[in-house]
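As structure tokens, the structure follows; a few thoughts come after it.
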Amino acid sequence: MSAIHGAPLTAVGTVLSFADGAFLRDGRPHRVLSGSLHYFRVHPEQWRDRLERLVALGLNTVDTYIAWNFHERRRGEIDWAGWRDLEGFIALAGELGLDVIVRPGPYICAEWDNGGFPAWLSGTPGMRLRSSHPAYLDAVDRWFDELLPRLAPLQAAHGGPIVAVQLENEYGSYGDDADYLAWLHDRLLAGGITELIYTADGPTELMQDGGSVPGVLATATFGSRASQAAEMLRERRDGEPFMCAELWNGWFDHWGDPHHVRTPAGAAGVVADILAEGGSLSLYMAHGGTNFGLWSGANHDGERLQPTQTSYDSHAPIAENGEITEKFRLMRELLADVTGQVPPVASATPPVLPAGTLPLRPIAGLLETLRTAGEEVRTAMPPSFEELGLDAGLALYRAEPIVPRGGALLTVRGLRDRAVVFVDGVRVAVLDAEQAAAGVRIGDGGDGDRAGDRAGDRGRAVVLELLVENQGRINYGPLLGEGKGILGGVQLDRRLVQRWTTRALPLDEWGAETLAELHGAGTALATQDGFATAVLHLEEPADAFLAFPGSGKGFVWVNGFLLGRYWEIGPQLTYYVPAPLLRAGENLITVLELERLGDTVELRERAELGPEQEYIETFD
């Protein structure tokens with residue numbers, strides 16, 4: 001029973017348990033000293049290196065989210081191989097002496113696309129995520145049928161490293177469906193989870209009321225004011241240990257914002273405060289890694305979309321490329337003082353390729369190439385990404401409306417997220433959701449379509465094309481699960497534009513072979529957008545940092561692997577390339593530029609993550 005129902009909680013029968021306000025491991029006093037590291041943000045050939053650095057930091061536990069959409073991109077097609085070898089990652093952590101905490105959601109937030117939910121799930125008509133909606137529970141049930149049998153044998157009771165499992169994720173920041181949380185708890189138990197189960201929510205009454213479950217350990221997530229959080233939890237849950245399930249010792253970055261940092265002394269100070277309270281903790285992040293491909297999510301501040309950038313360095317103690325930071329050194333000393341144990345010394349930072357400049361050679365124009373990609377879908381109204389079966393990437397919409405003499409106001413209702421507008425093959429505007437709703441005039445003689453130059457009683461038919469980009473699905477808040485593409489309609493003044501032809505462009509599914517075919521479909525026209533390549537010759541692979549001076553916004557592949565998005569608005573100026581993506585000999589770098597193609601790709605010797613701004617999350 002929960003203390004709020006009269007009796008203090010006690011967890012027994014698990015390797016990690018608690019009694020009298022303290023954790024026990026195998027019956028002995030224990031403090032959880034964990035760090036977050038996500039297997040899906042680290043190249044699998046680097047898992048060992050990064051986990052060893054967690055050990056060198058002085059941690060005894062690693063925690064990871066499990067991203068449902070990383071494993072089941074398409075309904076019923078579940079992948080556990082290679083980068084998705086979750087069991088291999090967990091076993092490796094155990095081999096290195098770390099306990100493991102798994103956070104299977106099914107919602108994970110994590111600044112990850114769609115909060116970890118597959119787009120096919122959130123795009124199901126009538127779906128109600130994170131609730132007791134029967135269709136949602138049925139989908140989670142099927143997913144857990146696949147997932148939990150893989151986790152259960154890896155629990156500590158069976159000789160594995162898993163000592164705890166998180167129930168949902170900061171649910172009290174979202175809703176208050178207690179029936180859903182109870183169902184999820186029962187489902188974990190029915191799936192063979194016998195180790196400690198806990199919830200994690202912000203340190204406020206509102207969040208804890210919505211997210212905690214009677215009989216289940218309640219923890220908090222925060223970045224400051226540890227003593228206040230400890231006091232609140234102890235008042236609510238007498239006899240439970242105080243644990244910060246996410247200590248935000250850094251922060252993530254949105255495109256166009258400063259690079260958020262937390263001073264080493266400030267971050268270490270909060271660690272000290274938690275330890276002084278007798279608490280346990282998990283550093284979020286201990287190592288952030290990278291949002292490779294198109295996996296970065298987005299937030300929404302109520303007025304505008306805030307897409308998350310490619311780097312997930314998070315100003316963590318272990319930098320994106322594995323570099324040991326001053327924050328690492330301060331925390332290591334602090335943890336050693338508390339535990340009385342000196343951890344092993346971290347290995348040297350992995351080598352980085354020297355600075356250099358590579359010519360960027362245009363291959364094919366943007367529109368002429370994308371007009372040949374994928375299959376055409378003909379509809380009366382512009383389809384959403386979900387109707388196209390498109391998870392991420394671009395969609396090229398085409399219609400041939402008649403524009404009246406003197407032009408008309410083009411508006412796009414429900415644009416998600418960004419559109420490059422072409423009229424008769426000429427770029428006339430770049431629109432975000434707000435600009436699209438306000439509209440842009442076309443056909444007045446200034447956009448290159450000549451419609452305004454014609455005499456007569458009738459307007460002129462033009463070729464209208466909108467290249468729409470999904471900049472990342474929202475991962476937090478009430479807009480979680482929102483669709484992408486054109487969700488409303490396109491209008492010229494008051495008249496709807498109908499009869500559309502659309503091509504779905506799943507960039508994250510394009511490998512070396514597809515890219516080569518697309519290169520051959522176009523020509524290097526005198527345009528500033530489209531495909532271009534650079535060649536990097538190496539005697540031996542090493543980590544690299546790429547930069548794209550002069551280029552505007554686009555996507556970059558390395559040897560057919562989609563590294564991620566780049567954008568001149570930053571904050572990040574460089575893009576991390578793990579050594580395993582490179583090879584001795586020739587390496588092909590391919591960019592798809594949407595706006596303005598620069599002349600070179602640069603290699604730089606250090607990460608350049610942009611102008612810094614200290615950020616400390618509070619709950620004022």
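Naming scheme: A, B, ... for chains in displayed order of the structure tokens; residues 1 onward per chain; ligands 1 onward as shown.
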Quick one: residues within 10 Å of Val338 of chain A, only C-alpha atoms, excluding same-chain residues fewer than 4 positions away - as a ChimeraX atom specification? /A:272,275-276,333-334
Write out, as a compact mmCIF listing (two decimals), in the first residue's frame, the residues just selected, with C-alpha atoms.
# COMPACT_ATOMS: atom_id res chain seq x y z
CA ALA A 272 26.16 16.89 -4.05
CA LEU A 275 23.78 12.81 -2.11
CA ALA A 276 23.60 14.97 1.03
CA GLU A 333 35.80 13.21 -7.75
CA LEU A 334 32.53 13.81 -5.95
Item checked: Those in segment 144-364 of chain A with helix (DSSP H, G or I) from DSSP, as a PyMOL selection string -> chain A and resi 144-154+156-158+171-173+178-190+205-211+226-236+264-276+326-339
Residue with smallest distance to Asn475 of chain A - pool A:Ala200, A:Leu609, A:Leu283, A:Ile108, counting only C-alpha atoms:
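Of A:Ala200, A:Leu609, A:Leu283, A:Ile108, the one nearest Asn475 of chain A, counting only C-alpha atoms, is A:Ile108.
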- Task: For Leu409 of chain A, list every protein, DNA or RNA residue within 6 Å, evaluated using only C-alpha atoms, and leave out those in the same chain fewer than 6 positions away; present the list as a list in words.
- Result: Gly439, Val440, Arg441, Leu492 and Asp493 of chain A
Now that the selection is made, can you save its residues with N, CA and C atoms as a short mmCIF file (atom, residue, chain, number, x, y, z; two decimals), in the first residue's frame?
data_model
loop_
_atom_site.label_atom_id
_atom_site.label_comp_id
_atom_site.auth_asym_id
_atom_site.auth_seq_id
_atom_site.Cartn_x
_atom_site.Cartn_y
_atom_site.Cartn_z
N GLY A 439 -0.39 33.41 -45.69
CA GLY A 439 -0.43 33.36 -47.13
C GLY A 439 0.66 34.15 -47.82
N VAL A 440 0.82 33.88 -49.13
CA VAL A 440 1.77 34.57 -49.98
C VAL A 440 1.12 34.76 -51.34
N ARG A 441 1.30 35.91 -51.93
CA ARG A 441 0.69 36.17 -53.23
C ARG A 441 1.50 35.49 -54.33
N LEU A 492 -6.43 29.34 -53.13
CA LEU A 492 -6.12 30.58 -53.83
C LEU A 492 -7.28 31.53 -53.53
N ASP A 493 -6.99 32.56 -52.76
CA ASP A 493 -8.05 33.40 -52.20
C ASP A 493 -9.05 32.48 -51.49
#
When you look at Ala544 of chain A with a cut-off of 7 Å (counting only C-alpha atoms), what residues show up, excluding the ones that are within fewer than 2 positions of it in the same chain? I need them as a PyMOL selection string. chain A and resi 352-353+542+546+576-578+603
Open item on the list: With only C-alpha atoms as the counted atoms, please give the residues lying no more than 8 Å from Ser36 of chain A, apart from itself and same-chain residues fewer than 6 positions off, as a list in words.
Closed with: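 The residues satisfying every condition are Val62, Asp63, Thr64, Ser282, Leu283, Tyr284, Met285, Ala286, His287 and Gly288 of chain A.
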Residues as selected, N, CA, C and O atoms, written as a tab-separated table (two decimals), in the first residue's frame, can you do that?
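See selection.tsv below for the written result:
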chain	number	residue	atom	x	y	z
A	62	VAL	N	23.37	1.96	-15.50
A	62	VAL	CA	23.03	2.70	-16.71
A	62	VAL	C	21.53	2.55	-16.93
A	62	VAL	O	20.96	1.49	-16.66
A	63	ASP	N	20.88	3.63	-17.35
A	63	ASP	CA	19.47	3.49	-17.73
A	63	ASP	C	19.28	3.90	-19.17
A	63	ASP	O	20.00	4.76	-19.69
A	64	THR	N	18.32	3.27	-19.81
A	64	THR	CA	18.02	3.59	-21.20
A	64	THR	C	16.53	3.52	-21.44
A	64	THR	O	15.83	2.66	-20.91
A	282	SER	N	20.05	9.55	-11.31
A	282	SER	CA	20.50	9.21	-12.65
A	282	SER	C	20.78	10.50	-13.39
A	282	SER	O	19.93	11.39	-13.45
A	283	LEU	N	21.98	10.60	-13.94
A	283	LEU	CA	22.37	11.78	-14.70
A	283	LEU	C	21.71	11.74	-16.08
A	283	LEU	O	21.89	10.79	-16.84
A	284	TYR	N	20.92	12.77	-16.37
A	284	TYR	CA	20.30	12.86	-17.70
A	284	TYR	C	20.87	14.10	-18.39
A	284	TYR	O	20.57	15.21	-17.99
A	285	MET	N	21.74	13.90	-19.38
A	285	MET	CA	22.31	12.65	-19.84
A	285	MET	C	23.71	12.48	-19.25
A	285	MET	O	24.39	13.46	-18.99
A	286	ALA	N	24.15	11.21	-19.09
A	286	ALA	CA	25.55	10.97	-18.82
A	286	ALA	C	26.33	11.04	-20.14
A	286	ALA	O	27.45	11.57	-20.18
A	287	HIS	N	25.72	10.51	-21.19
A	287	HIS	CA	26.25	10.65	-22.55
A	287	HIS	C	25.05	10.79	-23.47
A	287	HIS	O	24.21	9.89	-23.56
A	288	GLY	N	24.98	11.94	-24.16
A	288	GLY	CA	23.78	12.21	-24.95
A	288	GLY	C	23.76	11.54	-26.30
A	288	GLY	O	22.74	11.02	-26.73
- Query: Using only C-alpha atoms, which residues sit within 12 Å of Leu518 of chain A once same-chain residues fewer than 6 positions away are excluded, as a list in words?
  - Reply: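 Contacts, with the query itself left out: Ile363, Ala364, Gly365, Leu366, Leu367, Glu368, Thr369, Leu370, Arg371, Thr372, Ala373, Gly374, Leu505, Leu507, Trp510, Gly511, Ala512, Gly530, Phe531, Ala532, Thr590 and Leu592 of chain A.
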query = Could you pull the residues within 7 Å of segment 561-566 of chain A, counting only C-alpha atoms, minus those fewer than 6 positions along the same chain, as a ChimeraX atom specification?
reply = /A:292-294,310,508,511,553-555
Now that the selection is made, can you save its residues with C-alpha atoms as an mmCIF file, in the first residue's frame?
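Output (part_33.cif):
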data_model
loop_
_atom_site.group_PDB
_atom_site.id
_atom_site.type_symbol
_atom_site.label_atom_id
_atom_site.label_comp_id
_atom_site.auth_asym_id
_atom_site.auth_seq_id
_atom_site.Cartn_x
_atom_site.Cartn_y
_atom_site.Cartn_z
ATOM 1 C CA PHE A 292 20.979 10.287 -36.334
ATOM 2 C CA GLY A 293 18.778 10.122 -39.399
ATOM 3 C CA LEU A 294 15.442 11.839 -38.872
ATOM 4 C CA THR A 310 20.774 16.669 -34.750
ATOM 5 C CA ASP A 508 15.702 7.896 -44.055
ATOM 6 C CA GLY A 511 20.728 4.280 -48.972
ATOM 7 C CA LYS A 553 19.399 23.737 -44.931
ATOM 8 C CA GLY A 554 19.359 20.108 -45.861
ATOM 9 C CA PHE A 555 20.326 16.525 -45.159
#
In Å and to one decimal, atom CA of Gly115 of chain A is distant from atom CA of Tyr476 of chain A by 6.7 Å
Rounded to one decimal in Å, what is the spacing between atom CA of Leu206 of chain A and atom CA of Trp183 of chain A?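 Between these atoms lies a distance of 21.2 Å.
Among the candidate residues A:Trp255, A:Trp68, A:Phe40, A:Phe117, the one lying nearest to Arg473 of chain A is A:Phe117, with distances computed using only C-alpha atoms.
Residue nearest Asp85 of chain A within the list A:Val423, A:Leu147, A:Ala408, A:Val377: A:Leu147 [criterion: smallest interatomic distance, only C-alpha atoms].
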* Asked: Got a sec to tell me which of segment 62-264 of chain A DSSP assigns to strand (DSSP E), as JSON, numbers by chain?
  -> {"A": [62, 63, 64, 65, 99, 100, 101, 102, 103, 162, 163, 164, 165, 166, 196, 197, 198, 199, 200, 201, 217, 218, 219, 220, 221, 222, 243, 244, 245, 246, 247, 248, 259, 260, 261]}
